[in-house]
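J.: You'll find coords-v9.csv just under this line, and it carries CSV, C-alpha atoms.
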```
chain,number,residue,atom,x,y,z
U,1,MET,CA,65.3,36.5,-18.7
U,2,LEU,CA,62.9,33.8,-17.6
U,3,PHE,CA,60.9,32.0,-20.2
U,4,ASP,CA,59.3,28.6,-20.4
U,5,ALA,CA,56.5,27.3,-22.7
U,6,ARG,CA,55.1,23.8,-22.2
U,7,THR,CA,52.0,22.0,-23.5
U,8,VAL,CA,49.8,20.4,-20.9
U,9,ARG,CA,46.3,18.9,-21.0
U,10,SER,CA,43.4,20.6,-19.2
U,11,GLY,CA,40.3,18.5,-19.8
U,12,GLU,CA,39.8,18.4,-23.5
U,13,TRP,CA,42.1,21.4,-24.1
U,14,GLU,CA,45.7,21.2,-25.2
U,15,VAL,CA,47.2,24.3,-23.4
U,16,VAL,CA,50.5,25.9,-24.1
U,17,ARG,CA,51.4,27.6,-20.8
U,18,VAL,CA,53.9,30.4,-20.9
U,19,ILE,CA,55.9,31.6,-17.9
U,20,GLY,CA,58.1,34.7,-18.2
U,21,GLU,CA,58.7,37.1,-21.0
U,22,VAL,CA,57.4,36.7,-24.5
U,23,ASP,CA,59.7,38.9,-26.7
U,24,LEU,CA,61.8,38.8,-29.8
U,25,ALA,CA,64.3,36.4,-28.1
U,26,THR,CA,61.6,33.9,-27.0
U,27,MET,CA,59.2,34.0,-29.9
U,28,PRO,CA,60.9,31.1,-31.8
U,29,ALA,CA,60.5,28.8,-28.8
U,30,LEU,CA,56.8,29.9,-28.4
U,31,ARG,CA,56.2,29.3,-32.1
U,32,THR,CA,57.9,25.8,-31.9
U,33,GLU,CA,55.7,24.9,-28.9
U,34,LEU,CA,52.5,26.1,-30.6
U,35,ASP,CA,53.4,24.3,-33.8
U,36,ARG,CA,53.6,21.0,-31.9
U,37,THR,CA,49.9,21.2,-30.9
U,38,ASP,CA,47.5,19.1,-32.9
U,39,GLY,CA,44.4,18.9,-30.7
U,40,THR,CA,40.9,20.1,-31.7
U,41,LEU,CA,40.9,22.5,-28.7
U,42,VAL,CA,44.1,24.5,-28.3
U,43,ALA,CA,44.8,27.4,-26.0
U,44,LEU,CA,47.7,29.7,-25.3
U,45,ASP,CA,47.8,30.5,-21.6
U,46,LEU,CA,49.5,33.8,-20.9
U,47,GLY,CA,48.4,34.0,-17.3
U,48,ASP,CA,52.0,33.8,-16.0
U,49,ALA,CA,53.5,35.9,-18.7
U,50,ASP,CA,55.4,38.9,-17.2
U,51,LEU,CA,55.8,40.6,-20.5
U,52,PHE,CA,54.2,40.2,-23.9
U,53,ASP,CA,55.8,42.1,-26.8
U,54,PRO,CA,53.3,43.1,-29.5
U,55,LEU,CA,55.7,41.6,-32.0
U,56,ALA,CA,54.5,38.2,-30.8
U,57,PHE,CA,51.0,38.8,-32.2
U,58,GLY,CA,52.2,37.3,-35.4
U,59,VAL,CA,53.0,34.0,-33.7
U,60,VAL,CA,49.6,34.0,-32.0
U,61,ILE,CA,47.7,34.9,-35.2
U,62,ALA,CA,49.6,32.2,-37.1
U,63,ALA,CA,48.8,29.6,-34.5
U,64,ALA,CA,45.1,30.6,-34.6
U,65,LEU,CA,45.1,30.4,-38.4
U,66,ARG,CA,46.8,27.0,-38.4
U,67,SER,CA,44.2,25.7,-35.9
U,68,SER,CA,41.3,27.1,-37.9
U,69,ARG,CA,42.6,25.5,-41.1
U,70,ARG,CA,42.5,22.1,-39.5
U,71,GLY,CA,39.1,22.7,-37.9
U,72,ALA,CA,40.3,23.2,-34.4
U,73,THR,CA,39.3,25.9,-31.9
U,74,PHE,CA,42.1,28.3,-30.7
U,75,ALA,CA,41.9,30.7,-27.8
U,76,VAL,CA,44.2,32.8,-25.7
U,77,VAL,CA,43.8,32.8,-21.9
U,78,CYS,CA,44.9,36.2,-20.7
U,79,PRO,CA,43.6,37.7,-17.4
U,80,PRO,CA,43.2,41.5,-17.1
U,81,GLY,CA,46.4,43.4,-17.1
U,82,ARG,CA,49.0,44.7,-19.5
U,83,PRO,CA,49.2,41.8,-21.9
U,84,ARG,CA,45.4,41.7,-22.1
U,85,ASP,CA,45.3,45.4,-22.7
U,86,LEU,CA,47.6,44.9,-25.7
U,87,PHE,CA,45.2,42.4,-27.3
U,88,THR,CA,42.4,44.9,-26.9
U,89,GLU,CA,44.2,48.0,-28.0
U,90,SER,CA,45.6,46.3,-31.1
U,91,GLY,CA,42.3,44.7,-32.0
U,92,VAL,CA,43.8,41.2,-32.1
U,93,ASP,CA,41.1,40.2,-29.6
U,94,ARG,CA,38.6,40.7,-32.5
U,95,ILE,CA,40.2,38.0,-34.6
U,96,VAL,CA,41.4,35.6,-31.9
U,97,ALA,CA,39.3,34.5,-28.9
U,98,VAL,CA,40.7,36.0,-25.7
U,99,VAL,CA,39.3,34.9,-22.4
U,100,ASP,CA,40.1,35.4,-18.7
U,101,SER,CA,40.1,31.7,-17.8
U,102,GLY,CA,37.8,28.7,-18.1
U,103,PHE,CA,39.6,25.8,-19.7
U,104,ASP,CA,39.4,23.7,-16.6
U,105,THR,CA,35.7,23.9,-16.8
U,106,GLY,CA,35.4,22.3,-20.2
U,107,HIS,CA,34.3,25.3,-22.2
U,108,THR,CA,34.2,24.3,-25.9
U,109,ASP,CA,32.1,27.2,-27.2
U,110,LEU,CA,34.9,29.6,-28.0
U,111,GLN,CA,34.8,29.1,-31.8
U,112,ARG,CA,35.0,32.3,-33.9
```
For this file, write the structure as structure tokens.

T.:
Amino acid sequence: MLFDARTVRSGEWEVVRVIGEVDLATMPALRTELDRTDGTLVALDLGDADLFDPLAFGVVIAAALRSSRRGATFAVVCPPGRPRDLFTESGVDRIVAVVDSGFDTGHTDLQR
């Protein structure tokens, strides 16, 4: 099972980039990486995620709530495909901003 989550800077955004499978086994590592973020613009990039288990929605929602409580903007970058479909089908995209891309262009208008 391939998994890596690293935080990188993209303009003003602090982006947690995920490669591989987000599932029960990798959720703790993802949560740890998201907990390390402290910027005012935070994104979770799932563009290279091969699999996203719906159980991980709790980790995503907790990160969004944590960001909101400190006045930060949180968004998920998730291009069209199966992981994105899960965000839509579950309704999580109504409580967490989910976008195709755009952090390299400096978008800061994603607040919900």

J.: At a cut-off of 9 Å, using all atoms listed in the file, what residues contact U:Val42? Leave out same-chain residues fewer than 2 positions from it and give the result as a PyMOL selection string.

T.: chain U and resi 12-16+34+37-40+44+64+67+72-76

J.: In Å, how far is it from atom CA of U:Gly47 to atom CA of U:Arg17?

T.: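 Separation of atom CA of U:Gly47 and atom CA of U:Arg17: 7.9 Å.
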
J.: Smallest atom-to-atom distance to U:Ser101: which of U:Leu2, U:Val8, U:Leu46, U:Ala56, using all atoms listed in the file?

T.: U:Leu46

J.: Can you list, as JSON, numbers by chain, every protein, DNA or RNA residue that comes within 12 Å of U:Arg84 when you count only C-alpha atoms, leaving out same-chain residues fewer than 5 positions away?

T.: {"U": [45, 46, 47, 48, 49, 50, 51, 52, 53, 54, 57, 76, 77, 78, 79, 89, 90, 91, 92, 93, 97, 98, 99, 100]}

J.: Work out how far apart atom CA of U:Pro80 and atom CA of U:Ala25 are and give it in Å to one decimal.

T.: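 So the answer is 24.3 Å.
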
J.: One decimal, Å: what's the distance from atom CA of U:Glu21 over to atom CA of U:Ser68, could you say?

T.: 26.2 Å

J.: Find the residue from U:Thr7, U:Ala43, U:Gly58, U:Gly71 that sits nearest to U:Leu24; use only C-alpha atoms when measuring.

T.: U:Gly58

J.: Taking all atoms listed in the file into account, name the residue in U:Asp35, U:Met27, U:Phe3, U:Val22 that is nearest to U:Leu65.

T.: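 Under the stated criterion, the closest residue is U:Asp35.
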
J.: Looking at U:Asp4, U:Arg31, U:Arg9, U:Thr26, which one is nearest to U:Arg66, with distances taken over all atoms listed in the file?

T.: U:Arg31
